[in-house]
Amino acid sequence: MNKIVKKEKLAERIYRLEVEAPLIAASRKAGNFIIARTGKLGERIPLTVVDSDLDKGTITLVVQEMGVSSKKICALNEGEYITDLVGPLGRPTDIKKVGTILACAGGLGAAPMLPIIKAFKEAGNRVITILAARSKDLLILKEELAANSDEFIIMTDDGTEGKKGLITVGMEEVIAREKIDECIAVGPGVMMKFCALTTKKHNIPTMVSLNAIMVDGTGMCGACRVTVGDETKFTCVDGPEFDAHKIDFDEFLLRLGGYKDQENVLLENFEKSCKLK
Amino acid sequence: KERIAKERVEMPEVPPMVRSKSQTTEVNKGLTKEMAVEEAKRCMDCANPTCIDGCPVGINIPKFIKHIENEEPLKAIATLKESSALPAACGRVCPQEKQCEANCFYTLKLNKPAVAIGHLERYAADYENNSDEKVVQEVAPSNGIKVGVVGSGPSGLAFAGDMVKFGYDVTVFEALHEIGGVLKYGIPEFRLPNSLVDVEIESLKRMGVKFETNFIVGQTQTIEQLREQGFKSFYVASGAGLPRFMNIPGENVNGVLSANEYLTRVNLMFAGSAEADTPVIKGKNVAVIGGGNTAMDAVRTAIRMGAENAMIIYRRSLEQLPARAEEVHHAKQEGVFFNTLKNPIEFLHESGKLNAVKVQHMELGEPDASGRRRPIPIEGKTEIIPIDVAIMAIGVSPNPIIPNSVKGLDISKWGTIEVSEETRQSSVEDIYAGGDIVRGGATVILAMGDGRDAAASMHKKLQAEMNN
Ligand SMILES: Cc1cc2nc3c(=O)[nH]c(=O)nc-3n(C[C@H](O)[C@H](O)[C@H](O)COP(=O)(O)OP(=O)(O)OC[C@H]3O[C@@H](n4cnc5c(N)ncnc54)[C@H](O)[C@@H]3O)c2cc1C
Ligand SMILES: Cc1cc2nc3c(=O)[nH]c(=O)nc-3n(C[C@H](O)[C@H](O)[C@H](O)COP(=O)(O)OP(=O)(O)OC[C@H]3O[C@@H](n4cnc5c(N)ncnc54)[C@H](O)[C@@H]3O)c2cc1C
Ligand code: SF4
Ligand code: SF4
Ligand code: FES
Ligand SMILES: [Mg+2]
């Protein structure tokens, strides 16, 4: 049982939670995630550790309401408990000094991106961050990302804030103007796919953090498998970060929808039961 | 001689049509007292009880059976508990026909069905569980020495039980949110009710064993950090939980999943029950690849989830199925089709969704190293079988978290932890190991036996250190 000590709404359907988890706060590194479960019949879902506070013994999660499980976590209030929380999971980001980093965060991807750019910045890299979303009100963690970047660019599909256009447009502009040593992309699957295609053209080493479907998060089930090069890898223990140019994105995107029909039914039932209450 | 004339008791079962609609109804109902006493009478109390040689933990079989015959089931359970940590589980899931019962006088010399040792073991254990009288377990006064257990499967639980009785301060660390390892997330409720495992866990808690769930040793904290907190020694029983795949085309399409994923969703997360949040694919035509206990559990679970056709695809023949005989028998009763001498070579799909498996027909060739006749492909004979779910149950590998996170630990080329056969001690002095992480996939009783051996050996060493 892990207590929520602080809750804050960041955008429509997106919340920042500060949760008591002293051991994870002490051992987590950039790139790690946890698995959370809410309620006795709850689902195990992975969430990135966005930040931690060693003095308070807390970790920060940013959760977007998607279906039943994320809605249940977002419905918890300060003082209430997440039933189970385990971690840190996954390999930490391979942080090294490479020169200039282009960090591409799409939508909720801003949350996992924050600890990654912090660590790259601390390691002495120049960090250029592009934050992109469909629209202005979906841009989250702007101040935090800006504070940890040497240059910070905002893009929206509809032009309501920052430059208008897809993230790849912003990427091309940066790449045209200066030498990028490594690119990191975190966001929706399709966005990561196109980021990878863009950097591939320019031969820029690129890493993505995959949000594959998981159950245990410890290598036990294989739900999270992904094809990297000609090998099958388990995202939870071999990732979540992989060489973007080796990933079979089409397979990855199909697998993300593997339980879509069942999830929709679960969500419908959940919303019905909420209305009844 | 009048003993020999008796017929072996038949275990009463819930009819296949009824049980195959329920995920939780236990198939075997258990023997009545009368049946148990009658069956006990078949045992000849042999001067040389060969049955004991067949039991990996050497249970005094004629002795416990004699107590049942004398209508003293509590004495029977006391005898069982001298050697086994969880007779209620072993009576249900041991492959008796390959172990104790294979070595019974009836099997060896009389060519008759063995004494139903497993059924009797279960009878005694259930009697205790259902009665207010309990066999009291003596716990030595606390010696304050902290020992840690990695993993709460049968091996870790057996170790913890013995160590707490010796007086140690025992903490069991478990990565999942549930205690019990494979007994909870793998073996389904219709074969081994969770409540039986919970009884054992409660009794361990009462004796003072502490459980830390959601704690991954090596990640949440390292063995090194636990040493700094005063843990004097460790028993690693982290199991062989990693699923294997075949690495054939189409294996990553939606609809192909590991038995671990399928069984975890259903058994640990209760997917399929109306109130649970975890989804599961309920296939119409389900194929389970493999022939072991895991395969039987998966295919029978699929039937209970409403599959119209559920089949086992196995590359050898029916006679060579490694699963317990009883599970194969029950699976057949429940309508499972055994498609043997077939080996999948490709999964076919439409828009990323599984719709068929292509299998290679096999025949049996010369015996291989294991003594079983080797399956070899029949040139040019393949077949396409329409299915919408494929469950891979072709084996597991050792959990790599501890091997990867502890320096100096000797690991075999199969990824198992190497230990001394005699002491269960690894190459790192304060780390002992047993169960599937050492054996690479074995049985519940072997895992428990290792736990008990390791406890005895660790106790001896720590005592010697104390006396110095
Ligand atoms: C390593 C990793 C880090 C993540 N970090 C964050 C984060 O910091 N914040 C955040 O809001 N989300 C994060 N996610 C995604 C988050 O886990 C899913 O949004 C969540 O599981 C959806 O569950 P649901 O029941 O609410 O929605 P559902 O309606 O059940 O599912 C919606 C979609 O989410 C995905 N999904 C469903 N179940 C799972 C599952 N068990 N594991 C992974 N994905 C699933 C599927 O693509 C599905 O179609 C992360 C995922 C991974 C793998
Ligand atoms: C579906 C299925 C059916 C089976 N049927 C039978 C049967 O009928 N009869 C039979 O005798 N055997 C059967 N077996 C085999 C038997 O269950 C195993 O041999 C036995 O459970 C091994 O016990 P264990 O304690 O070594 O490991 P496990 O039961 O695997 O337990 C290991 C535990 O350690 C935890 N863990 C792993 N790493 C860490 C870590 N770093 N930190 C903390 N915790 C960790 C895991 O989460 C797990 O709970 C079956 C197995 C399966 C999968
Ligand atoms: S523990 Fe298993 S092998 Fe030993 S007597 Fe009992 S059922 Fe037979
Ligand atoms: S071998 Fe069979 S008959 Fe003889 S003691 Fe053992 S169980 Fe009884
Ligand atoms: S989530 Fe189960 S293996 Fe990765
Ligand atoms: Mg869900």
# chains A, B, ... in the order shown; residues from 1 in each chain; ligands from 1

$ interface_residues --of "chain B" --to "chain A" --cutoff "7 Å" --atoms "only C-alpha atoms" --output "PDB file with all heavy atoms, in the first residue's frame"
ATOM      1  N   HIS B 177       2.555  -9.295  -6.220  1.00  0.00           N
ATOM      2  CA  HIS B 177       1.739  -8.774  -5.129  1.00  0.00           C
ATOM      3  C   HIS B 177       1.115  -9.905  -4.322  1.00  0.00           C
ATOM      4  O   HIS B 177       0.438  -9.668  -3.334  1.00  0.00           O
ATOM      5  CB  HIS B 177       0.669  -7.817  -5.667  1.00  0.00           C
ATOM      6  CG  HIS B 177      -0.252  -8.445  -6.672  1.00  0.00           C
ATOM      7  ND1 HIS B 177      -0.034  -8.358  -8.024  1.00  0.00           N
ATOM      8  CD2 HIS B 177      -1.377  -9.180  -6.524  1.00  0.00           C
ATOM      9  CE1 HIS B 177      -0.994  -9.007  -8.671  1.00  0.00           C
ATOM     10  NE2 HIS B 177      -1.828  -9.530  -7.777  1.00  0.00           N
ATOM     11  N   ASN B 214       5.767  -7.236  -3.399  1.00  0.00           N
ATOM     12  CA  ASN B 214       6.181  -6.095  -4.233  1.00  0.00           C
ATOM     13  C   ASN B 214       7.616  -5.693  -3.957  1.00  0.00           C
ATOM     14  O   ASN B 214       7.954  -4.512  -3.939  1.00  0.00           O
ATOM     15  CB  ASN B 214       5.254  -4.888  -3.995  1.00  0.00           C
ATOM     16  CG  ASN B 214       3.834  -5.168  -4.432  1.00  0.00           C
ATOM     17  OD1 ASN B 214       3.614  -5.690  -5.517  1.00  0.00           O
ATOM     18  ND2 ASN B 214       2.879  -4.856  -3.582  1.00  0.00           N
ATOM     19  N   PHE B 215       8.470  -6.657  -3.695  1.00  0.00           N
ATOM     20  CA  PHE B 215       9.868  -6.382  -3.373  1.00  0.00           C
ATOM     21  C   PHE B 215      10.727  -7.291  -4.246  1.00  0.00           C
ATOM     22  O   PHE B 215      10.730  -8.499  -4.084  1.00  0.00           O
ATOM     23  CB  PHE B 215      10.122  -6.662  -1.893  1.00  0.00           C
ATOM     24  CG  PHE B 215      11.446  -6.149  -1.383  1.00  0.00           C
ATOM     25  CD1 PHE B 215      11.502  -5.159  -0.405  1.00  0.00           C
ATOM     26  CD2 PHE B 215      12.639  -6.652  -1.883  1.00  0.00           C
ATOM     27  CE1 PHE B 215      12.721  -4.681   0.062  1.00  0.00           C
ATOM     28  CE2 PHE B 215      13.859  -6.183  -1.423  1.00  0.00           C
ATOM     29  CZ  PHE B 215      13.900  -5.193  -0.445  1.00  0.00           C
ATOM     30  N   GLN B 219      16.574  -5.362  -7.328  1.00  0.00           N
ATOM     31  CA  GLN B 219      16.094  -4.127  -7.936  1.00  0.00           C
ATOM     32  C   GLN B 219      15.524  -3.148  -6.907  1.00  0.00           C
ATOM     33  O   GLN B 219      15.952  -2.010  -6.830  1.00  0.00           O
ATOM     34  CB  GLN B 219      15.058  -4.432  -9.023  1.00  0.00           C
ATOM     35  CG  GLN B 219      15.762  -4.726 -10.344  1.00  0.00           C
ATOM     36  CD  GLN B 219      14.846  -5.290 -11.394  1.00  0.00           C
ATOM     37  OE1 GLN B 219      14.922  -6.458 -11.724  1.00  0.00           O
ATOM     38  NE2 GLN B 219      13.979  -4.450 -11.919  1.00  0.00           N
ATOM     39  N   THR B 220      14.564  -3.599  -6.111  1.00  0.00           N
ATOM     40  CA  THR B 220      14.043  -2.718  -5.061  1.00  0.00           C
ATOM     41  C   THR B 220      15.177  -2.449  -4.067  1.00  0.00           C
ATOM     42  O   THR B 220      15.449  -1.296  -3.705  1.00  0.00           O
ATOM     43  CB  THR B 220      12.841  -3.379  -4.353  1.00  0.00           C
ATOM     44  OG1 THR B 220      11.905  -3.782  -5.339  1.00  0.00           O
ATOM     45  CG2 THR B 220      12.180  -2.418  -3.390  1.00  0.00           C
ATOM     46  N   GLY B 241      10.854 -18.713 -14.024  1.00  0.00           N
ATOM     47  CA  GLY B 241       9.619 -18.120 -14.523  1.00  0.00           C
ATOM     48  C   GLY B 241       9.635 -17.601 -15.938  1.00  0.00           C
ATOM     49  O   GLY B 241       8.624 -17.107 -16.429  1.00  0.00           O
ATOM     50  N   LEU B 242      10.761 -17.674 -16.653  1.00  0.00           N
ATOM     51  CA  LEU B 242      10.806 -17.013 -17.963  1.00  0.00           C
ATOM     52  C   LEU B 242      10.321 -17.910 -19.092  1.00  0.00           C
ATOM     53  O   LEU B 242      10.850 -18.988 -19.295  1.00  0.00           O
ATOM     54  CB  LEU B 242      12.227 -16.555 -18.288  1.00  0.00           C
ATOM     55  CG  LEU B 242      12.878 -15.598 -17.302  1.00  0.00           C
ATOM     56  CD1 LEU B 242      13.968 -14.818 -18.002  1.00  0.00           C
ATOM     57  CD2 LEU B 242      11.888 -14.656 -16.666  1.00  0.00           C
ATOM     58  N   PRO B 243       9.309 -17.457 -19.831  1.00  0.00           N
ATOM     59  CA  PRO B 243       8.746 -18.316 -20.875  1.00  0.00           C
ATOM     60  C   PRO B 243       9.676 -18.440 -22.075  1.00  0.00           C
ATOM     61  O   PRO B 243      10.386 -17.510 -22.427  1.00  0.00           O
ATOM     62  CB  PRO B 243       7.479 -17.566 -21.281  1.00  0.00           C
ATOM     63  CG  PRO B 243       7.785 -16.137 -21.004  1.00  0.00           C
ATOM     64  CD  PRO B 243       8.685 -16.129 -19.804  1.00  0.00           C
ATOM     65  N   ASN B 254      -0.790 -10.857 -32.590  1.00  0.00           N
ATOM     66  CA  ASN B 254      -1.749 -10.897 -31.490  1.00  0.00           C
ATOM     67  C   ASN B 254      -2.525 -12.205 -31.517  1.00  0.00           C
ATOM     68  O   ASN B 254      -2.998 -12.624 -32.564  1.00  0.00           O
ATOM     69  CB  ASN B 254      -2.714  -9.706 -31.581  1.00  0.00           C
ATOM     70  CG  ASN B 254      -2.014  -8.401 -31.269  1.00  0.00           C
ATOM     71  OD1 ASN B 254      -1.202  -8.344 -30.355  1.00  0.00           O
ATOM     72  ND2 ASN B 254      -2.321  -7.369 -32.035  1.00  0.00           N
ATOM     73  N   LEU B 257       0.460 -16.221 -27.345  1.00  0.00           N
ATOM     74  CA  LEU B 257       0.980 -15.775 -26.058  1.00  0.00           C
ATOM     75  C   LEU B 257       1.569 -16.940 -25.281  1.00  0.00           C
ATOM     76  O   LEU B 257       1.339 -18.099 -25.614  1.00  0.00           O
ATOM     77  CB  LEU B 257      -0.091 -15.034 -25.244  1.00  0.00           C
ATOM     78  CG  LEU B 257      -1.309 -15.788 -24.735  1.00  0.00           C
ATOM     79  CD1 LEU B 257      -1.998 -14.956 -23.674  1.00  0.00           C
ATOM     80  CD2 LEU B 257      -2.294 -16.061 -25.843  1.00  0.00           C
ATOM     81  N   SER B 258       2.342 -16.613 -24.251  1.00  0.00           N
ATOM     82  CA  SER B 258       2.947 -17.667 -23.446  1.00  0.00           C
ATOM     83  C   SER B 258       1.917 -18.194 -22.454  1.00  0.00           C
ATOM     84  O   SER B 258       0.986 -17.476 -22.073  1.00  0.00           O
ATOM     85  CB  SER B 258       4.157 -17.130 -22.678  1.00  0.00           C
ATOM     86  OG  SER B 258       3.730 -16.325 -21.601  1.00  0.00           O
ATOM     87  N   ASN B 260       2.538 -18.681 -19.454  1.00  0.00           N
ATOM     88  CA  ASN B 260       2.708 -17.836 -18.273  1.00  0.00           C
ATOM     89  C   ASN B 260       1.813 -16.604 -18.339  1.00  0.00           C
ATOM     90  O   ASN B 260       1.182 -16.233 -17.354  1.00  0.00           O
ATOM     91  CB  ASN B 260       4.158 -17.360 -18.161  1.00  0.00           C
ATOM     92  CG  ASN B 260       4.997 -18.302 -17.343  1.00  0.00           C
ATOM     93  OD1 ASN B 260       4.561 -19.401 -17.003  1.00  0.00           O
ATOM     94  ND2 ASN B 260       6.197 -17.872 -17.009  1.00  0.00           N
ATOM     95  N   GLU B 261       1.785 -15.962 -19.514  1.00  0.00           N
ATOM     96  CA  GLU B 261       0.942 -14.768 -19.632  1.00  0.00           C
ATOM     97  C   GLU B 261      -0.525 -15.150 -19.443  1.00  0.00           C
ATOM     98  O   GLU B 261      -1.260 -14.523 -18.670  1.00  0.00           O
ATOM     99  CB  GLU B 261       1.126 -14.075 -20.987  1.00  0.00           C
ATOM    100  CG  GLU B 261       0.180 -12.870 -21.131  1.00  0.00           C
ATOM    101  CD  GLU B 261       0.296 -12.107 -22.448  1.00  0.00           C
ATOM    102  OE1 GLU B 261       1.231 -12.351 -23.228  1.00  0.00           O
ATOM    103  OE2 GLU B 261      -0.573 -11.235 -22.679  1.00  0.00           O
ATOM    104  N   MET B 269      -4.553 -12.513 -11.850  1.00  0.00           N
ATOM    105  CA  MET B 269      -5.277 -11.252 -12.035  1.00  0.00           C
ATOM    106  C   MET B 269      -6.788 -11.465 -12.156  1.00  0.00           C
ATOM    107  O   MET B 269      -7.529 -10.513 -12.289  1.00  0.00           O
ATOM    108  CB  MET B 269      -4.754 -10.533 -13.291  1.00  0.00           C
ATOM    109  CG  MET B 269      -3.245 -10.343 -13.355  1.00  0.00           C
ATOM    110  SD  MET B 269      -2.524  -9.613 -11.881  1.00  0.00           S
ATOM    111  CE  MET B 269      -3.344  -8.023 -11.848  1.00  0.00           C
ATOM    112  N   GLU B 275     -15.675  -8.813 -12.482  1.00  0.00           N
ATOM    113  CA  GLU B 275     -15.247  -7.612 -11.760  1.00  0.00           C
ATOM    114  C   GLU B 275     -13.779  -7.253 -11.986  1.00  0.00           C
ATOM    115  O   GLU B 275     -13.327  -6.197 -11.553  1.00  0.00           O
ATOM    116  CB  GLU B 275     -15.481  -7.766 -10.248  1.00  0.00           C
ATOM    117  CG  GLU B 275     -16.927  -7.997  -9.835  1.00  0.00           C
ATOM    118  CD  GLU B 275     -17.356  -9.440 -10.023  1.00  0.00           C
ATOM    119  OE1 GLU B 275     -16.470 -10.313  -9.962  1.00  0.00           O
ATOM    120  OE2 GLU B 275     -18.545  -9.697 -10.254  1.00  0.00           O
ATOM    121  N   ALA B 276     -13.010  -8.143 -12.626  1.00  0.00           N
ATOM    122  CA  ALA B 276     -11.575  -7.891 -12.739  1.00  0.00           C
ATOM    123  C   ALA B 276     -11.253  -6.923 -13.868  1.00  0.00           C
ATOM    124  O   ALA B 276     -11.940  -6.888 -14.880  1.00  0.00           O
ATOM    125  CB  ALA B 276     -10.834  -9.209 -12.939  1.00  0.00           C
ATOM    126  N   ASP B 277     -10.195  -6.121 -13.680  1.00  0.00           N
ATOM    127  CA  ASP B 277      -9.829  -5.087 -14.653  1.00  0.00           C
ATOM    128  C   ASP B 277      -8.893  -5.586 -15.751  1.00  0.00           C
ATOM    129  O   ASP B 277      -8.653  -4.890 -16.727  1.00  0.00           O
ATOM    130  CB  ASP B 277      -9.122  -3.924 -13.939  1.00  0.00           C
ATOM    131  CG  ASP B 277     -10.035  -3.249 -12.932  1.00  0.00           C
ATOM    132  OD1 ASP B 277     -11.264  -3.391 -13.058  1.00  0.00           O
ATOM    133  OD2 ASP B 277      -9.515  -2.578 -12.007  1.00  0.00           O
ATOM    134  N   THR B 278      -8.308  -6.767 -15.565  1.00  0.00           N
ATOM    135  CA  THR B 278      -7.332  -7.273 -16.530  1.00  0.00           C
ATOM    136  C   THR B 278      -8.044  -8.008 -17.667  1.00  0.00           C
ATOM    137  O   THR B 278      -8.878  -8.870 -17.420  1.00  0.00           O
ATOM    138  CB  THR B 278      -6.351  -8.223 -15.826  1.00  0.00           C
ATOM    139  OG1 THR B 278      -5.738  -7.510 -14.748  1.00  0.00           O
ATOM    140  CG2 THR B 278      -5.278  -8.728 -16.769  1.00  0.00           C
ATOM    141  N   PRO B 279      -7.698  -7.666 -18.908  1.00  0.00           N
ATOM    142  CA  PRO B 279      -8.345  -8.343 -20.042  1.00  0.00           C
ATOM    143  C   PRO B 279      -7.683  -9.682 -20.357  1.00  0.00           C
ATOM    144  O   PRO B 279      -6.543  -9.930 -19.967  1.00  0.00           O
ATOM    145  CB  PRO B 279      -8.119  -7.372 -21.201  1.00  0.00           C
ATOM    146  CG  PRO B 279      -6.862  -6.647 -20.855  1.00  0.00           C
ATOM    147  CD  PRO B 279      -6.782  -6.603 -19.345  1.00  0.00           C
ATOM    148  N   GLY B 352      -2.424  -8.757 -38.518  1.00  0.00           N
ATOM    149  CA  GLY B 352      -1.773  -8.855 -37.214  1.00  0.00           C
ATOM    150  C   GLY B 352      -2.515  -9.697 -36.203  1.00  0.00           C
ATOM    151  O   GLY B 352      -2.109  -9.776 -35.045  1.00  0.00           O
TER     152      GLY B 352
END

$ select_by_dssp --residues "range 182-266 of chain B" --states "strand (DSSP E or B)" --output "number ranges by chain"
B: 210-212, 217, 221, 231-236, 242-243, 254, 256-258

$ residues_around --residues "Pro16 in chain B" --least-positions-apart "6" --cutoff "8 Å" --atoms "only C-alpha atoms" --output "JSON, numbers by chain"
{"B": [330, 333, 334]}

$ select_by_dssp --residues "range 12-240 of chain A" --states "alpha helix (DSSP H)" --output "PyMOL selection string"
chain A and resi 22-27+68-74+110-122+142-147+167-177+189-201+235-238

$ residues_around --residues "range 137-146 of chain A" --least-positions-apart "2" --cutoff "12 Å" --atoms "only C-alpha atoms" --output "JSON, numbers by chain"
{"A": [8, 9, 10, 11, 12, 13, 14, 15, 16, 50, 51, 62, 63, 64, 103, 104, 105, 106, 107, 108, 109, 110, 111, 112, 113, 114, 115, 116, 117, 118, 121, 127, 128, 129, 130, 131, 132, 133, 134, 135, 148, 149, 150, 151, 152, 153, 154, 155, 156, 157, 158, 159, 160, 161, 162]}

$ closest_residue --among "B:Val280, B:Val170, B:Asn355, B:Leu110" --to "ligand 6" --atoms "only C-alpha atoms and all ligand atoms"
B:Val280
